file protein-v9.txt (compact mmCIF, C-alpha atoms and all ligand atoms)
# COMPACT_ATOMS: atom_id res chain seq x y z
CA MET A 1 25.80 187.52 144.80
CA HIS A 2 22.54 185.85 143.81
CA VAL A 3 20.80 187.31 140.76
CA PRO A 4 17.99 188.37 141.12
CA GLN A 5 19.25 189.88 144.39
CA ILE A 6 17.57 188.86 147.64
CA PRO A 7 17.54 191.96 149.89
CA GLN A 8 14.11 191.21 151.41
CA LEU A 9 15.13 187.69 152.32
CA THR A 10 18.39 188.98 153.76
CA ALA A 11 16.49 191.44 155.96
CA THR A 12 13.80 188.99 157.06
CA ASP A 13 15.81 185.82 157.45
CA PRO A 14 19.55 186.44 157.28
CA GLU A 15 20.35 182.86 158.25
CA LEU A 16 18.42 181.44 155.28
CA ALA A 17 19.66 184.18 152.95
CA ALA A 18 23.26 183.33 153.82
CA LEU A 19 22.62 179.72 152.88
CA VAL A 20 21.10 180.72 149.53
CA GLU A 21 24.05 183.01 148.83
CA GLY A 22 26.41 180.21 149.81
CA GLU A 23 24.74 177.84 147.36
CA ALA A 24 24.91 180.45 144.57
CA ARG A 25 28.64 180.89 145.23
CA ARG A 26 29.15 177.12 145.36
CA GLN A 27 27.42 176.74 141.99
CA HIS A 28 29.64 179.47 140.60
CA ASP A 29 32.94 178.06 141.84
CA LYS A 30 32.37 174.36 141.10
CA LEU A 31 32.48 172.45 137.88
CA ARG A 32 28.95 171.06 138.02
CA MET A 33 28.84 167.74 136.20
CA ILE A 34 25.78 166.02 137.66
CA ALA A 35 24.19 164.90 134.42
CA SER A 36 20.67 165.85 135.48
CA GLU A 37 21.51 169.42 136.57
CA ASN A 38 21.94 172.74 134.80
CA TYR A 39 21.80 176.52 135.38
CA VAL A 40 18.49 178.22 134.52
CA SER A 41 18.48 181.76 133.19
CA ALA A 42 17.77 184.74 135.43
CA ALA A 43 14.47 185.11 133.51
CA VAL A 44 13.44 181.58 134.51
CA LEU A 45 14.44 182.36 138.10
CA GLU A 46 12.30 185.51 138.09
CA ALA A 47 9.25 183.67 136.73
CA SER A 48 9.69 180.79 139.18
CA GLY A 49 10.03 183.16 142.14
CA SER A 50 7.00 185.29 141.28
CA VAL A 51 3.62 185.90 142.96
CA LEU A 52 2.22 183.03 140.91
CA THR A 53 3.16 180.86 143.88
CA ASN A 54 0.19 182.44 145.71
CA LYS A 55 -2.46 181.04 143.37
CA TYR A 56 -4.51 177.83 143.33
CA SER A 57 -5.87 176.69 139.97
CA GLU A 58 -7.00 173.07 140.10
CA GLY A 59 -8.23 172.02 136.69
CA TYR A 60 -7.08 173.14 133.26
CA PRO A 61 -7.30 176.50 131.42
CA GLY A 62 -10.97 177.43 131.01
CA ARG A 63 -12.04 174.57 133.31
CA ARG A 64 -10.86 175.53 136.82
CA TYR A 65 -12.32 174.84 140.24
CA TYR A 66 -11.21 178.24 141.61
CA GLU A 67 -11.89 181.79 140.42
CA GLY A 68 -9.32 184.44 139.57
CA GLN A 69 -7.58 182.68 136.69
CA GLN A 70 -7.41 185.73 134.39
CA PHE A 71 -3.62 185.55 134.24
CA VAL A 72 -2.88 181.96 135.21
CA ASP A 73 -4.98 180.54 132.34
CA PRO A 74 -3.02 182.37 129.62
CA ILE A 75 0.26 181.50 131.37
CA GLU A 76 -0.51 177.78 131.32
CA THR A 77 -1.83 178.04 127.76
CA LEU A 78 1.41 179.70 126.69
CA ALA A 79 3.44 176.90 128.29
CA VAL A 80 1.28 174.23 126.63
CA ASP A 81 1.41 175.90 123.20
CA ARG A 82 5.17 176.41 123.41
CA ALA A 83 5.70 172.78 124.42
CA ARG A 84 3.55 171.54 121.53
CA THR A 85 5.32 173.77 119.03
CA LEU A 86 8.85 173.08 120.27
CA PHE A 87 8.46 169.30 120.24
CA GLY A 88 5.85 169.01 117.47
CA ALA A 89 3.41 167.23 119.79
CA ALA A 90 -0.38 167.15 119.42
CA HIS A 91 -0.97 167.64 123.15
CA ALA A 92 1.02 168.77 126.19
CA ASN A 93 0.31 168.63 129.91
CA VAL A 94 2.68 170.91 131.85
CA GLN A 95 1.30 170.26 135.33
CA PRO A 96 3.25 167.23 136.69
CA TYR A 97 5.24 168.28 139.74
CA SER A 98 8.30 166.42 138.54
CA GLY A 99 9.45 163.38 136.56
CA SER A 100 8.27 160.67 138.94
CA PRO A 101 4.70 162.04 139.18
CA ALA A 102 4.67 162.38 135.39
CA ASN A 103 5.55 158.71 135.04
CA LEU A 104 3.02 157.72 137.71
CA ALA A 105 0.36 159.47 135.63
CA VAL A 106 1.23 157.08 132.80
CA TYR A 107 0.52 154.10 135.06
CA LEU A 108 -2.77 155.58 136.20
CA ALA A 109 -3.79 156.34 132.62
CA PHE A 110 -3.01 152.95 131.07
CA LEU A 111 -2.60 150.27 133.73
CA SER A 112 -4.43 148.68 136.64
CA PRO A 113 -2.55 147.26 139.64
CA GLY A 114 -0.99 143.94 138.69
CA ASP A 115 -0.74 144.77 134.99
CA THR A 116 2.59 144.27 133.26
CA VAL A 117 5.04 147.04 132.41
CA LEU A 118 8.36 146.62 130.61
CA GLY A 119 11.15 149.05 131.42
CA MET A 120 14.91 149.31 131.55
CA SER A 121 16.45 147.88 134.70
CA LEU A 122 17.61 150.65 137.08
CA PRO A 123 21.24 149.43 137.40
CA MET A 124 21.40 149.22 133.60
CA GLY A 125 20.48 152.89 133.25
CA GLY A 126 16.69 152.99 133.70
CA HIS A 127 14.69 154.95 136.27
CA LEU A 128 13.01 153.93 139.53
CA THR A 129 9.58 154.65 138.03
CA HIS A 130 10.13 152.35 135.08
CA GLY A 131 9.15 149.44 137.33
CA TRP A 132 12.10 149.07 139.70
CA SER A 133 11.40 146.86 142.73
CA VAL A 134 11.59 149.49 145.51
CA SER A 135 9.32 151.90 143.61
CA ALA A 136 5.52 151.76 143.81
CA THR A 137 5.74 150.99 140.10
CA GLY A 138 7.60 147.78 140.87
CA LYS A 139 5.52 146.89 143.94
CA TRP A 140 2.03 147.47 142.54
CA PHE A 141 2.62 146.37 138.97
CA ASN A 142 4.13 143.29 137.39
CA SER A 143 7.34 144.82 136.14
CA VAL A 144 9.63 143.14 133.66
CA ARG A 145 13.04 144.64 132.90
CA TYR A 146 15.37 144.70 129.96
CA THR A 147 19.11 145.13 130.29
CA VAL A 148 22.08 146.19 128.18
CA ALA A 149 24.40 143.69 126.53
CA ARG A 150 27.42 142.96 128.71
CA SER A 151 29.79 143.18 125.75
CA THR A 152 28.57 146.51 124.29
CA GLY A 153 26.82 148.34 127.12
CA ARG A 154 23.97 148.96 124.66
CA ILE A 155 20.33 147.89 124.62
CA ASP A 156 19.84 144.47 123.07
CA PHE A 157 16.66 144.76 121.02
CA ASP A 158 16.41 141.00 120.61
CA GLU A 159 16.04 140.78 124.38
CA VAL A 160 13.48 143.62 124.45
CA ARG A 161 11.45 141.95 121.69
CA ASP A 162 11.60 138.51 123.33
CA LEU A 163 10.48 139.93 126.68
CA ALA A 164 7.69 141.91 125.05
CA ARG A 165 6.38 138.89 123.12
CA ARG A 166 6.53 136.63 126.18
CA GLU A 167 5.23 139.04 128.88
CA ARG A 168 2.79 141.12 126.76
CA PRO A 169 3.26 144.37 128.76
CA LYS A 170 0.55 147.00 128.38
CA VAL A 171 3.19 149.72 128.60
CA ILE A 172 6.83 149.82 127.48
CA PHE A 173 9.18 152.51 128.82
CA CYS A 174 12.28 153.60 126.98
CA GLY A 175 14.76 156.21 128.17
CA GLY A 176 16.52 156.42 131.49
CA THR A 177 18.97 158.16 133.78
CA ALA A 178 22.30 156.67 132.76
CA VAL A 179 21.99 155.97 129.06
CA PRO A 180 24.98 157.42 127.19
CA ARG A 181 23.78 156.37 123.74
CA THR A 182 21.09 157.49 121.29
CA ILE A 183 17.75 155.94 122.12
CA ASP A 184 16.38 154.09 119.11
CA PHE A 185 12.75 155.20 119.30
CA PRO A 186 11.69 153.55 116.00
CA ALA A 187 13.02 150.18 117.21
CA PHE A 188 11.04 150.43 120.45
CA ALA A 189 7.96 151.59 118.54
CA GLU A 190 8.08 148.58 116.24
CA ILE A 191 8.13 146.23 119.23
CA ALA A 192 5.36 148.10 121.04
CA ARG A 193 3.19 148.13 117.93
CA GLU A 194 3.64 144.40 117.38
CA ILE A 195 2.19 143.57 120.81
CA GLY A 196 -0.25 146.48 121.08
CA ALA A 197 1.57 148.16 124.00
CA VAL A 198 1.65 151.88 124.72
CA LEU A 199 5.20 153.14 124.14
CA VAL A 200 6.34 155.76 126.62
CA ALA A 201 9.58 157.64 125.95
CA ASP A 202 11.01 159.17 129.12
CA ILE A 203 13.27 161.85 127.67
CA ALA A 204 13.97 163.64 130.97
CA HIS A 205 17.72 163.63 130.39
CA ILE A 206 17.76 164.46 126.71
CA ALA A 207 14.75 166.79 126.30
CA GLY A 208 16.98 169.80 125.63
CA LEU A 209 18.96 167.82 123.08
CA VAL A 210 15.76 166.75 121.34
CA ALA A 211 14.44 170.34 121.37
CA GLY A 212 17.74 171.59 119.98
CA GLY A 213 17.99 168.95 117.27
CA ALA A 214 20.97 167.16 118.86
CA HIS A 215 19.11 163.88 119.49
CA PRO A 216 16.37 162.23 117.37
CA THR A 217 12.85 162.98 118.52
CA PRO A 218 10.47 160.36 119.94
CA ILE A 219 7.49 162.26 118.52
CA GLY A 220 5.88 160.15 115.82
CA HIS A 221 7.21 156.95 117.43
CA ALA A 222 6.16 157.04 121.10
CA ASP A 223 2.51 157.32 122.12
CA VAL A 224 3.45 159.28 125.22
CA VAL A 225 6.57 161.30 126.04
CA THR A 226 7.39 162.23 129.62
CA THR A 227 10.14 164.61 130.62
CA THR A 228 11.40 166.71 133.43
CA THR A 229 12.00 170.33 132.51
CA HIS A 230 15.19 171.03 134.45
CA LYS A 231 17.93 168.90 132.94
CA THR A 232 19.24 169.60 129.42
CA LEU A 233 16.01 171.54 128.75
CA ARG A 234 17.26 174.16 131.26
CA GLY A 235 13.97 175.07 132.90
CA PRO A 236 12.73 175.02 136.50
CA ARG A 237 12.16 171.84 138.49
CA GLY A 238 9.02 170.39 136.91
CA ALA A 239 7.79 168.03 134.21
CA MET A 240 5.63 167.70 131.13
CA ILE A 241 3.81 164.94 129.31
CA LEU A 242 3.43 165.10 125.53
CA THR A 243 0.90 162.84 123.86
CA THR A 244 -0.94 162.06 120.68
CA GLU A 245 -4.56 163.28 120.52
CA GLN A 246 -5.67 159.73 121.20
CA HIS A 247 -4.14 159.66 124.70
CA ALA A 248 -4.57 163.32 125.68
CA ALA A 249 -7.72 162.94 127.77
CA ALA A 250 -6.45 159.88 129.65
CA ILE A 251 -3.20 161.62 130.57
CA ASP A 252 -4.89 164.87 131.60
CA LYS A 253 -7.33 162.98 133.81
CA ALA A 254 -4.51 160.98 135.37
CA VAL A 255 -2.49 164.09 136.27
CA PHE A 256 -5.54 165.95 137.63
CA PRO A 257 -7.63 164.83 139.43
CA GLY A 258 -5.97 161.40 139.38
CA LEU A 259 -2.72 162.21 141.12
CA GLN A 260 -2.30 165.89 141.82
CA GLY A 261 -4.09 168.92 143.18
CA GLY A 262 -3.33 172.45 142.07
CA PRO A 263 -0.53 172.94 139.57
CA HIS A 264 2.48 174.97 140.70
CA ASN A 265 1.80 178.07 138.63
CA HIS A 266 5.15 179.72 139.35
CA THR A 267 6.80 176.59 137.92
CA THR A 268 4.48 176.60 134.92
CA ALA A 269 5.58 180.18 134.21
CA GLY A 270 9.24 179.19 134.51
CA ILE A 271 8.62 176.29 132.13
CA ALA A 272 6.97 178.67 129.63
CA VAL A 273 10.04 180.93 129.72
CA ALA A 274 12.43 178.00 129.34
CA LEU A 275 10.45 176.66 126.37
CA ARG A 276 10.64 180.04 124.67
CA GLU A 277 14.41 180.09 125.26
CA ALA A 278 14.70 176.52 123.94
CA GLY A 279 13.14 177.59 120.64
CA THR A 280 16.00 179.98 119.81
CA ASP A 281 19.03 179.48 117.58
CA ASP A 282 21.20 180.11 120.65
CA PHE A 283 19.66 177.08 122.33
CA ARG A 284 20.13 174.90 119.26
CA ARG A 285 23.83 175.83 119.32
CA TYR A 286 23.88 175.09 123.04
CA ALA A 287 22.36 171.62 122.57
CA HIS A 288 24.91 170.68 119.91
CA GLN A 289 27.75 172.07 122.04
CA VAL A 290 26.62 169.93 125.00
CA VAL A 291 27.07 166.83 122.85
CA ALA A 292 30.35 168.04 121.32
CA ASN A 293 31.71 168.67 124.81
CA ALA A 294 30.64 165.25 126.06
CA LYS A 295 32.25 163.53 123.07
CA ALA A 296 35.49 165.50 123.54
CA LEU A 297 35.53 164.74 127.26
CA ALA A 298 34.81 161.05 126.67
CA ALA A 299 37.70 160.83 124.19
CA ALA A 300 40.07 162.55 126.62
CA LEU A 301 39.00 160.22 129.44
CA VAL A 302 39.53 157.14 127.28
CA ASP A 303 43.02 158.46 126.45
CA ARG A 304 43.65 158.56 130.19
CA GLY A 305 42.61 154.96 130.69
CA PHE A 306 39.05 155.45 131.93
CA GLU A 307 36.67 152.62 131.11
CA LEU A 308 33.47 154.14 129.75
CA ILE A 309 30.27 152.14 129.51
CA SER A 310 29.57 151.57 125.80
CA GLY A 311 32.98 153.12 125.08
CA GLY A 312 31.80 156.72 124.85
CA THR A 313 28.71 158.85 124.42
CA ASP A 314 26.21 160.17 121.88
CA ASN A 315 24.60 162.67 124.23
CA HIS A 316 25.40 164.75 127.34
CA LEU A 317 26.18 161.83 129.63
CA ILE A 318 29.20 159.67 130.39
CA LEU A 319 29.19 156.62 132.64
CA ALA A 320 32.62 155.47 133.84
CA ASP A 321 33.55 152.25 135.64
CA LEU A 322 36.38 153.08 138.04
CA THR A 323 37.26 149.49 138.90
CA GLY A 324 40.43 149.68 136.80
CA LYS A 325 41.43 152.91 138.56
CA GLY A 326 41.40 151.10 141.90
CA VAL A 327 38.72 153.16 143.62
CA GLY A 328 34.98 152.87 144.16
CA GLY A 329 32.55 155.37 142.69
CA LYS A 330 31.55 156.82 146.05
CA PRO A 331 35.00 157.70 147.46
CA ALA A 332 35.93 159.02 144.02
CA ALA A 333 32.83 161.24 143.87
CA GLN A 334 33.54 162.54 147.38
CA ALA A 335 37.16 163.32 146.47
CA LEU A 336 36.04 165.01 143.26
CA ASP A 337 33.62 167.16 145.21
CA ARG A 338 36.52 168.37 147.37
CA ALA A 339 38.42 168.99 144.13
CA GLY A 340 35.64 171.31 142.92
CA ILE A 341 34.09 168.82 140.51
CA GLU A 342 30.56 167.82 141.39
CA LEU A 343 29.12 164.56 140.06
CA ASN A 344 27.44 161.46 141.43
CA TYR A 345 28.49 157.89 142.08
CA ASN A 346 26.47 155.46 139.99
CA THR A 347 25.98 151.77 139.44
CA VAL A 348 27.32 150.44 136.16
CA PRO A 349 25.70 147.56 134.23
CA TYR A 350 26.35 144.22 135.98
CA ASP A 351 27.90 146.08 138.91
CA PRO A 352 29.18 143.61 141.53
CA ARG A 353 29.03 146.35 144.17
CA LYS A 354 26.02 147.73 146.07
CA PRO A 355 24.03 150.78 144.81
CA PHE A 356 25.15 152.87 147.81
CA ASP A 357 28.80 152.03 147.10
CA PRO A 358 28.93 151.23 143.39
CA SER A 359 31.76 150.98 140.87
CA GLY A 360 30.98 153.97 138.71
CA ILE A 361 30.57 157.69 138.37
CA ARG A 362 28.16 159.52 136.08
CA LEU A 363 29.16 162.79 134.43
CA GLY A 364 27.29 165.29 132.28
CA THR A 365 28.14 168.36 130.24
CA ALA A 366 24.83 170.29 130.31
CA ALA A 367 25.77 172.72 133.09
CA LEU A 368 29.38 173.38 132.14
CA THR A 369 28.23 174.09 128.57
CA THR A 370 25.78 176.68 129.90
CA ARG A 371 28.80 178.34 131.55
CA GLY A 372 30.40 178.60 128.10
CA LEU A 373 33.03 175.84 128.20
CA THR A 374 33.79 174.18 124.87
CA GLU A 375 35.83 171.25 123.52
CA ALA A 376 38.96 173.37 124.14
CA GLN A 377 38.62 172.92 127.91
CA MET A 378 37.69 169.23 127.90
CA PRO A 379 41.27 167.85 127.97
CA GLN A 380 41.87 169.99 131.08
CA VAL A 381 38.64 168.75 132.66
CA ALA A 382 39.70 165.15 131.94
CA ALA A 383 43.11 165.85 133.49
CA TRP A 384 41.51 167.20 136.65
CA LEU A 385 39.18 164.19 136.83
CA ASP A 386 42.13 161.83 136.39
CA ASP A 387 44.32 163.66 138.93
CA ALA A 388 41.49 163.78 141.47
CA VAL A 389 40.76 160.06 141.09
CA THR A 390 44.47 159.37 141.58
CA ALA A 391 44.46 161.65 144.64
CA ALA A 392 41.45 159.73 145.97
CA VAL A 393 43.40 156.48 145.70
CA LYS A 394 46.37 158.05 147.52
CA ASP A 395 44.19 159.98 149.99
CA ASP A 396 46.01 163.13 148.89
CA GLY A 397 43.90 166.00 150.24
CA ALA A 398 46.44 168.64 149.23
CA ALA A 399 46.16 167.61 145.57
CA LEU A 400 42.38 167.81 145.74
CA ASP A 401 42.53 171.31 147.24
CA ARG A 402 44.98 172.41 144.53
CA ILE A 403 42.60 171.17 141.81
CA ALA A 404 39.67 172.96 143.46
CA GLY A 405 41.62 176.21 143.26
CA GLU A 406 42.44 175.67 139.59
CA VAL A 407 38.80 174.83 138.79
CA ALA A 408 37.56 178.01 140.52
CA ASP A 409 40.19 180.07 138.69
CA LEU A 410 39.02 178.75 135.32
CA LEU A 411 35.33 179.22 136.11
CA ALA A 412 35.90 182.81 137.22
CA GLY A 413 36.17 183.58 133.49
CA TYR A 414 32.80 182.02 132.66
CA PRO A 415 29.71 183.88 133.96
CA MET A 416 26.97 181.97 135.71
CA PRO A 417 23.31 182.83 135.09
CA GLY A 418 21.83 183.58 138.52
CA TYR A 419 25.04 184.93 140.03
CA ALA A 420 27.23 188.02 139.80
CA ALA A 421 30.77 187.78 141.14
N1 LIG B 1 17.47 162.18 139.77
C1 LIG B 1 17.44 162.09 138.34
C2 LIG B 1 18.82 161.92 137.78
O1 LIG B 1 19.76 162.36 138.41
O2 LIG B 1 18.96 161.38 136.70
C3 LIG B 1 16.54 161.03 137.87
O3 LIG B 1 15.37 161.04 138.58
call {"tool": "encode", "arguments": {"input": "protein-v9.txt", "output": "structure tokens"}}
result
Amino acid sequence: MHVPQIPQLTATDPELAALVEGEARRQHDKLRMIASENYVSAAVLEASGSVLTNKYSEGYPGRRYYEGQQFVDPIETLAVDRARTLFGAAHANVQPYSGSPANLAVYLAFLSPGDTVLGMSLPMGGHLTHGWSVSATGKWFNSVRYTVARSTGRIDFDEVRDLARRERPKVIFCGGTAVPRTIDFPAFAEIAREIGAVLVADIAHIAGLVAGGAHPTPIGHADVVTTTTHKTLRGPRGAMILTTEQHAAAIDKAVFPGLQGGPHNHTTAGIAVALREAGTDDFRRYAHQVVANAKALAAALVDRGFELISGGTDNHLILADLTGKGVGGKPAAQALDRAGIELNYNTVPYDPRKPFDPSGIRLGTAALTTRGLTEAQMPQVAAWLDDAVTAAVKDDGAALDRIAGEVADLLAGYPMPGYAA
């Protein structure tokens, strides 16, 4: 059952309560490998589900447009101070509703419509809000995109530098949603400095790894750092922006009143709890285990003939091109879901297929590491992935159901925060 328990919801709205319980059970029984997901602690769940959801507090601590902030002000201040301390940042804004609004605040702070932004192309691993064509950031701004080298699957800094010199963007984004390798923040900073651009590091995927010392930090290199709080950082759905003193006022003004109204105080409280958790030795061990698990899984997949973009991983994320396995990413992801392994289909660099039916799948180890799995289980996970992909090719539903049973049996031995069997 869900933890904390939900007796009031069950009494008031049994239909909805049954759906919540069903989702909790699903999260318990499945091997959750969507690279942007995790399990938050019961403490984060309690904070996020508290009476703080009842309160409006437009403005910032000590400068609000509504009364009654005796408790909300210190809660937001705690979250801000913990964010600054954990990441070593001069300034933190914890109010963005999620990653996309956080990135939009960057545009509002530093660009006018029509200005040039340089970001990683979405199919190469970037994010919609780094200037992709269907996003407002690609429609309202002149967006220029860098790629990865076809031969290595890695960012080609000669290309980034050439584009920057030619297009003179006001803002350069680094980071993304399908980047399996260490982001070279100093290399981006050198290019940004040369042309006088603001460097923004979007560390949404790797924030927990940065906090835990398992990925180099962008602080000291990037002018602005945006991140969601719910991926490797293991907090509630939300976002933060870390800045130097120089850019603090512009970012704060862009978030509120530029883009948003009242902050979601229940989320702010959940973020504060997650940041406290992320400052512990336990979390540092967790962050390093996430990477160790991803490396072990990548090696086991390569042994089984999977083609991994860039050949492996430095972080929590693996991007596999299934072309050689004879199946598209989407049917494979659907088959894997039936087999109890949850991930998403994904474009791969230079993908000849369409985004809604691409060649690849994206996997992550953040959630399964929270469950307590280690390198010891990764060969088994790779075997299940391989068997399920083979079953997808053969349309072998019975094999998928057998794997789902084996996955649930394994996970029964690994407790899930937020659920009691
Ligand atoms: N949806 C997030 C992800 O899965 O990476 C990015 O916005």
call {"tool": "residues_around", "arguments": {"input": "protein-v9.txt", "residues": "A:Leu78", "least_positions_apart": "3", "cutoff": "12 Å", "atoms": "all atoms listed in the file", "output": "list in words"}}
result
Pro61, Phe71, Val72, Asp73, Pro74, Ile75, Asp81, Arg82, Ala83, Arg84, Thr85, Leu86, Ala92, Asn93, Val94, Thr268, Ala269, Gly270, Ile271, Ala272, Val273, Ala274, Leu275 and Arg276 of chain A
call {"tool": "residues_around", "arguments": {"input": "protein-v9.txt", "residues": "A:Lys253", "least_positions_apart": "4", "cutoff": "10 Å", "atoms": "all atoms listed in the file", "output": "list in words"}}
result
Gly59, Ala105, Leu108, Ala109, Ala248, Ala249, Pro257, Gly258, Leu259 and Gln260 of chain A
call {"tool": "atom_distance", "arguments": {"input": "protein-v9.txt", "atom1": "atom CA of A:Ile34", "atom2": "atom CA of A:Arg145"}}
result
25.3 Å
call {"tool": "residues_around", "arguments": {"input": "protein-v9.txt", "residues": "stretch 181-194 of chain A", "least_positions_apart": "6", "cutoff": "7 Å", "atoms": "only C-alpha atoms", "output": "VMD selection string"}}
result
chain A and resid 161 172 175 215 218 221 to 222 313 to 315
call {"tool": "closest_atom_pairs", "arguments": {"input": "protein-v9.txt", "of": "chain A", "to": "ligand LIG 1 (chain B)", "cutoff": "8 Å", "atoms": "all atoms listed in the file", "output": "tab-separated table"}}
result
residue	atom	partner	partner_atom	distance
A:Ile34	CA	B:LIG1	O1	7.1
A:Ala35	CA	B:LIG1	O1	6.5
A:Ser36	CA	B:LIG1	O1	4.6
A:Glu37	CA	B:LIG1	O1	7.5
A:Gly99	CA	B:LIG1	O3	6.7
A:Ser100	CA	B:LIG1	O3	7.1
A:His127	CA	B:LIG1	O3	6.5
A:Leu128	CA	B:LIG1	O3	7.6
A:Gly176	CA	B:LIG1	O2	7.6
A:Thr177	CA	B:LIG1	O2	4.3
A:Ala178	CA	B:LIG1	O2	7.0
A:Ala204	CA	B:LIG1	C3	7.8
A:His205	CA	B:LIG1	O2	6.8
call {"tool": "closest_residue", "arguments": {"input": "protein-v9.txt", "among": "A:Ala335, A:Thr152, A:Ala164, A:Val393", "to": "A:Ile309", "atoms": "only C-alpha atoms"}}
result
A:Thr152
